[in-house]
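Undergrad: The structure follows.
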Amino acid sequence: EAVDVPVVANGDITDAASAQQCLELTNASGLMIGRAAIGRPDVFAQIKVGLGWMDQEDLPWVQEYDGNWENLSKTSKAFASRRWCWDRYVTLCRETTGLAKQTMQRHAIAFSKGLPGAKSVRTLMHELSDVDESAQAISDFLKPVSEG
């Protein structure tokens, strides 16, 4: 309110609750997400849903489950949303800069952080030399538990 330009707030915004608190305390026009998005690009959607800015049913990874999203466990939902984001990341890389092994390794480790079996991703990335094979292996790793 002290300035005539839009103000964007950032810092420790990691979920809908912290986003809501930030907006209430600052009256900012918008939010910027940094570290919380590393490996969790679905955090933007989670915040939008949590703040009521969009419906969960509109999320692309939820739509892939054709009404069965609520039947997935919390862990399977984390795998499913990160898998959708991973596959999108790979597609966008192929369409723009190409897949770079080293960059993809960093992202694969970030995308799998906190998930069961995540340590195996580091091993997998070192064992596979073909970049396309590596991209597919990470996508396969991120299959929700209910998909095997």
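In the structure tokens, chains take letters A, B, ... by order of appearance, with residues numbered from 1 within each chain and ligands from 1 in the order shown.
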Find the spatial neighbours of A:Ala80, counting only C-alpha atoms, within a cut-off of 9 Å - ignore same-chain residues fewer than 5 positions away - and output them as a PyMOL selection string.
TA: chain A and resi 61-62+75+85+142-145
Undergrad: Report as a tab-separated table the residues of stretch 17-105 of chain A within 9 Å of stretch 7-11 of chain A, each with its shortest atom pair and distance in Å (one decimal), using only C-alpha atoms, ordered by chain and increasing residue number.
TA:
```
residue	atom	partner	partner_atom	distance
A:Cys22	CA	A:Ala9	CA	7.4
A:Leu23	CA	A:Ala9	CA	7.9
A:Thr26	CA	A:Ala9	CA	7.5
A:Asn27	CA	A:Val7	CA	8.5
A:Ala28	CA	A:Val7	CA	5.2
A:Ser29	CA	A:Val7	CA	5.4
A:Gly30	CA	A:Val8	CA	4.6
A:Leu31	CA	A:Ala9	CA	4.9
A:Met32	CA	A:Asn10	CA	4.9
A:Ile33	CA	A:Asn10	CA	6.3
A:Gly34	CA	A:Gly11	CA	7.6
A:Arg35	CA	A:Gly11	CA	8.8
```
Undergrad: Save the residues we just selected, all heavy atoms, as a compact mmCIF listing (two decimals), in the first residue's frame?
TA:
```txt
# COMPACT_ATOMS: atom_id res chain seq x y z
N CYS A 22 1.75 -15.32 3.59
CA CYS A 22 2.54 -14.26 2.96
C CYS A 22 1.64 -13.19 2.36
O CYS A 22 1.86 -11.99 2.55
CB CYS A 22 3.46 -14.84 1.91
SG CYS A 22 4.47 -13.60 1.07
N LEU A 23 0.62 -13.62 1.63
CA LEU A 23 -0.30 -12.67 1.00
C LEU A 23 -1.04 -11.83 2.05
O LEU A 23 -1.24 -10.64 1.88
CB LEU A 23 -1.29 -13.40 0.10
CG LEU A 23 -0.71 -13.98 -1.19
CD1 LEU A 23 -1.73 -14.87 -1.88
CD2 LEU A 23 -0.23 -12.87 -2.10
N THR A 26 1.63 -9.35 3.74
CA THR A 26 2.26 -8.35 2.88
C THR A 26 1.30 -7.58 1.99
O THR A 26 1.63 -6.51 1.52
CB THR A 26 3.30 -9.01 1.96
OG1 THR A 26 2.62 -9.90 1.05
CG2 THR A 26 4.36 -9.75 2.75
N ASN A 27 0.14 -8.16 1.73
CA ASN A 27 -0.81 -7.59 0.77
C ASN A 27 -0.15 -7.44 -0.61
O ASN A 27 -0.47 -6.53 -1.37
CB ASN A 27 -1.38 -6.26 1.26
CG ASN A 27 -2.68 -5.92 0.56
OD1 ASN A 27 -3.41 -6.80 0.12
ND2 ASN A 27 -2.96 -4.63 0.46
N ALA A 28 0.78 -8.33 -0.90
CA ALA A 28 1.50 -8.29 -2.17
C ALA A 28 0.56 -8.60 -3.33
O ALA A 28 -0.48 -9.25 -3.17
CB ALA A 28 2.65 -9.30 -2.15
N SER A 29 0.95 -8.16 -4.51
CA SER A 29 0.16 -8.41 -5.73
C SER A 29 0.39 -9.81 -6.27
O SER A 29 -0.42 -10.33 -7.03
CB SER A 29 0.55 -7.41 -6.81
OG SER A 29 0.32 -6.10 -6.37
N GLY A 30 1.51 -10.40 -5.91
CA GLY A 30 1.82 -11.72 -6.42
C GLY A 30 2.89 -12.39 -5.58
O GLY A 30 3.42 -11.80 -4.63
N LEU A 31 3.19 -13.63 -5.95
CA LEU A 31 4.17 -14.43 -5.22
C LEU A 31 5.24 -14.93 -6.18
O LEU A 31 4.96 -15.19 -7.35
CB LEU A 31 3.50 -15.64 -4.58
CG LEU A 31 2.39 -15.37 -3.58
CD1 LEU A 31 1.67 -16.65 -3.22
CD2 LEU A 31 2.96 -14.71 -2.34
N MET A 32 6.44 -15.10 -5.67
CA MET A 32 7.52 -15.69 -6.44
C MET A 32 7.99 -16.92 -5.65
O MET A 32 8.21 -16.84 -4.44
CB MET A 32 8.66 -14.70 -6.61
CG MET A 32 9.72 -15.17 -7.55
SD MET A 32 11.08 -14.00 -7.91
CE MET A 32 10.59 -12.46 -7.22
N ILE A 33 8.11 -18.03 -6.35
CA ILE A 33 8.54 -19.28 -5.73
C ILE A 33 9.93 -19.60 -6.25
O ILE A 33 10.17 -19.56 -7.46
CB ILE A 33 7.59 -20.44 -6.08
CG1 ILE A 33 6.13 -20.05 -5.87
CG2 ILE A 33 7.97 -21.70 -5.33
CD1 ILE A 33 5.72 -19.80 -4.46
N GLY A 34 10.83 -19.93 -5.36
CA GLY A 34 12.20 -20.26 -5.75
C GLY A 34 12.54 -21.70 -5.40
O GLY A 34 12.14 -22.64 -6.08
N ARG A 35 13.26 -21.87 -4.30
CA ARG A 35 13.76 -23.19 -3.91
C ARG A 35 12.66 -24.24 -3.79
O ARG A 35 12.90 -25.41 -4.06
CB ARG A 35 14.51 -23.11 -2.58
CG ARG A 35 15.86 -22.46 -2.70
CD ARG A 35 16.44 -22.29 -1.33
NE ARG A 35 15.53 -21.42 -0.59
CZ ARG A 35 15.80 -20.87 0.57
NH1 ARG A 35 16.93 -21.10 1.16
NH2 ARG A 35 14.92 -20.08 1.16
```
Undergrad: Using DSSP on the backbone coordinates, identify all residues within chain A classified as strand (DSSP E or B); present the result as a ChimeraX atom specification.
TA: /A:8-10,30-32
Undergrad: Convert the current residue selection to file output with N, CA and C atoms, as a PDB file, in the first residue's frame.
TA:
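What landed in again-v9.pdb:
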```pdb
ATOM      1  N   VAL A   8       5.782  -8.000  -5.606  1.00  0.00           N
ATOM      2  CA  VAL A   8       5.791  -9.456  -5.607  1.00  0.00           C
ATOM      3  C   VAL A   8       6.609  -9.906  -4.390  1.00  0.00           C
ATOM      4  N   ALA A   9       6.026 -10.777  -3.598  1.00  0.00           N
ATOM      5  CA  ALA A   9       6.694 -11.263  -2.395  1.00  0.00           C
ATOM      6  C   ALA A   9       7.332 -12.623  -2.666  1.00  0.00           C
ATOM      7  N   ASN A  10       8.451 -12.895  -2.006  1.00  0.00           N
ATOM      8  CA  ASN A  10       9.033 -14.230  -2.063  1.00  0.00           C
ATOM      9  C   ASN A  10       9.802 -14.509  -0.787  1.00  0.00           C
ATOM     10  N   GLY A  30       1.505 -10.397  -5.911  1.00  0.00           N
ATOM     11  CA  GLY A  30       1.825 -11.722  -6.419  1.00  0.00           C
ATOM     12  C   GLY A  30       2.889 -12.393  -5.577  1.00  0.00           C
ATOM     13  N   LEU A  31       3.189 -13.629  -5.948  1.00  0.00           N
ATOM     14  CA  LEU A  31       4.173 -14.427  -5.221  1.00  0.00           C
ATOM     15  C   LEU A  31       5.243 -14.929  -6.179  1.00  0.00           C
ATOM     16  N   MET A  32       6.437 -15.098  -5.667  1.00  0.00           N
ATOM     17  CA  MET A  32       7.517 -15.690  -6.435  1.00  0.00           C
ATOM     18  C   MET A  32       7.991 -16.919  -5.654  1.00  0.00           C
TER      19      MET A  32
END
```
Undergrad: As a ChimeraX atom specification, please: all residues of stretch 39-143 of chain A that backbone DSSP puts in helix (DSSP H, G or I).
TA: /A:43-50,56-58,60-63,69-71,74-95,101-112,119-127,131-141
Undergrad: Would you save the residues of that selection, restricted to C-alpha atoms, as an mmCIF file, in the first residue's frame?
TA:
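result39.cif, freshly written:
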```cif
data_model
loop_
_atom_site.group_PDB
_atom_site.id
_atom_site.type_symbol
_atom_site.label_atom_id
_atom_site.label_comp_id
_atom_site.auth_asym_id
_atom_site.auth_seq_id
_atom_site.Cartn_x
_atom_site.Cartn_y
_atom_site.Cartn_z
ATOM 1 C CA VAL A 43 4.239 -26.782 -6.037
ATOM 2 C CA PHE A 44 2.755 -23.979 -8.178
ATOM 3 C CA ALA A 45 -0.362 -26.028 -8.848
ATOM 4 C CA GLN A 46 -0.588 -27.175 -5.224
ATOM 5 C CA ILE A 47 -0.546 -23.543 -4.110
ATOM 6 C CA LYS A 48 -3.152 -22.510 -6.698
ATOM 7 C CA VAL A 49 -5.447 -25.352 -5.614
ATOM 8 C CA GLY A 50 -4.838 -24.659 -1.934
ATOM 9 C CA GLN A 56 -7.643 -29.935 -8.484
ATOM 10 C CA GLU A 57 -9.534 -31.687 -11.291
ATOM 11 C CA ASP A 58 -7.964 -29.240 -13.764
ATOM 12 C CA PRO A 60 -2.994 -32.372 -15.948
ATOM 13 C CA TRP A 61 -1.657 -35.178 -13.763
ATOM 14 C CA VAL A 62 -5.017 -35.526 -12.033
ATOM 15 C CA GLN A 63 -6.801 -35.637 -15.398
ATOM 16 C CA TRP A 69 -6.879 -39.634 -8.360
ATOM 17 C CA GLU A 70 -8.448 -39.817 -4.902
ATOM 18 C CA ASN A 71 -7.785 -43.571 -4.812
ATOM 19 C CA LYS A 74 -0.197 -39.547 -0.863
ATOM 20 C CA THR A 75 3.078 -41.139 -1.987
ATOM 21 C CA SER A 76 1.597 -42.276 -5.293
ATOM 22 C CA LYS A 77 0.230 -38.780 -5.887
ATOM 23 C CA ALA A 78 3.718 -37.353 -5.337
ATOM 24 C CA PHE A 79 5.167 -39.846 -7.829
ATOM 25 C CA ALA A 80 2.388 -39.174 -10.363
ATOM 26 C CA SER A 81 2.631 -35.383 -10.278
ATOM 27 C CA ARG A 82 6.425 -35.418 -10.472
ATOM 28 C CA ARG A 83 6.314 -37.930 -13.303
ATOM 29 C CA TRP A 84 3.983 -35.701 -15.323
ATOM 30 C CA CYS A 85 6.279 -32.735 -14.669
ATOM 31 C CA TRP A 86 9.388 -34.814 -15.507
ATOM 32 C CA ASP A 87 7.927 -35.982 -18.792
ATOM 33 C CA ARG A 88 6.964 -32.382 -19.624
ATOM 34 C CA TYR A 89 10.485 -31.203 -18.737
ATOM 35 C CA VAL A 90 11.978 -33.808 -21.087
ATOM 36 C CA THR A 91 9.571 -32.821 -23.886
ATOM 37 C CA LEU A 92 10.384 -29.115 -23.484
ATOM 38 C CA CYS A 93 14.138 -29.828 -23.466
ATOM 39 C CA ARG A 94 13.830 -31.842 -26.658
ATOM 40 C CA GLU A 95 11.862 -29.010 -28.288
ATOM 41 C CA LYS A 101 23.102 -35.452 -19.505
ATOM 42 C CA GLN A 102 24.617 -33.397 -16.681
ATOM 43 C CA THR A 103 21.666 -31.009 -16.356
ATOM 44 C CA MET A 104 19.217 -33.877 -16.568
ATOM 45 C CA GLN A 105 21.081 -35.707 -13.779
ATOM 46 C CA ARG A 106 20.726 -32.716 -11.451
ATOM 47 C CA HIS A 107 17.029 -32.431 -12.232
ATOM 48 C CA ALA A 108 16.447 -36.174 -11.842
ATOM 49 C CA ILE A 109 17.998 -36.107 -8.385
ATOM 50 C CA ALA A 110 15.879 -33.083 -7.427
ATOM 51 C CA PHE A 111 12.658 -34.586 -8.815
ATOM 52 C CA SER A 112 13.178 -37.783 -6.822
ATOM 53 C CA LYS A 119 18.890 -42.982 -3.779
ATOM 54 C CA SER A 120 18.572 -45.471 -6.630
ATOM 55 C CA VAL A 121 18.160 -42.556 -9.062
ATOM 56 C CA ARG A 122 21.743 -41.417 -8.444
ATOM 57 C CA THR A 123 23.009 -44.914 -9.198
ATOM 58 C CA LEU A 124 20.768 -45.188 -12.237
ATOM 59 C CA MET A 125 21.986 -41.893 -13.674
ATOM 60 C CA HIS A 126 25.619 -43.015 -13.397
ATOM 61 C CA GLU A 127 24.962 -46.442 -14.913
ATOM 62 C CA VAL A 131 20.520 -39.553 -22.479
ATOM 63 C CA ASP A 132 17.204 -40.806 -23.902
ATOM 64 C CA GLU A 133 17.492 -44.062 -21.987
ATOM 65 C CA SER A 134 18.211 -42.082 -18.827
ATOM 66 C CA ALA A 135 15.182 -39.827 -19.378
ATOM 67 C CA GLN A 136 12.927 -42.870 -19.812
ATOM 68 C CA ALA A 137 14.427 -44.604 -16.777
ATOM 69 C CA ILE A 138 13.567 -41.616 -14.575
ATOM 70 C CA SER A 139 10.042 -41.511 -15.974
ATOM 71 C CA ASP A 140 9.725 -45.220 -15.185
ATOM 72 C CA PHE A 141 11.055 -44.650 -11.659
#
```
Undergrad: Return the single residue from A:Gly114, A:Gly67, A:Gly98, A:Gly52 that is closest to A:Ala16, with distances computed using only C-alpha atoms.
TA: A:Gly52
Undergrad: Kindly give the distance, in Å, that separates atom CA of A:Leu51 and atom CA of A:Glu24, rounded to a single decimal.
TA: 11.9 Å
Undergrad: For atom CA of A:Pro116 and atom CA of A:Leu128, quote the distance in Å rounded to one decimal.
TA: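 These two atoms are separated by 20.6 Å.
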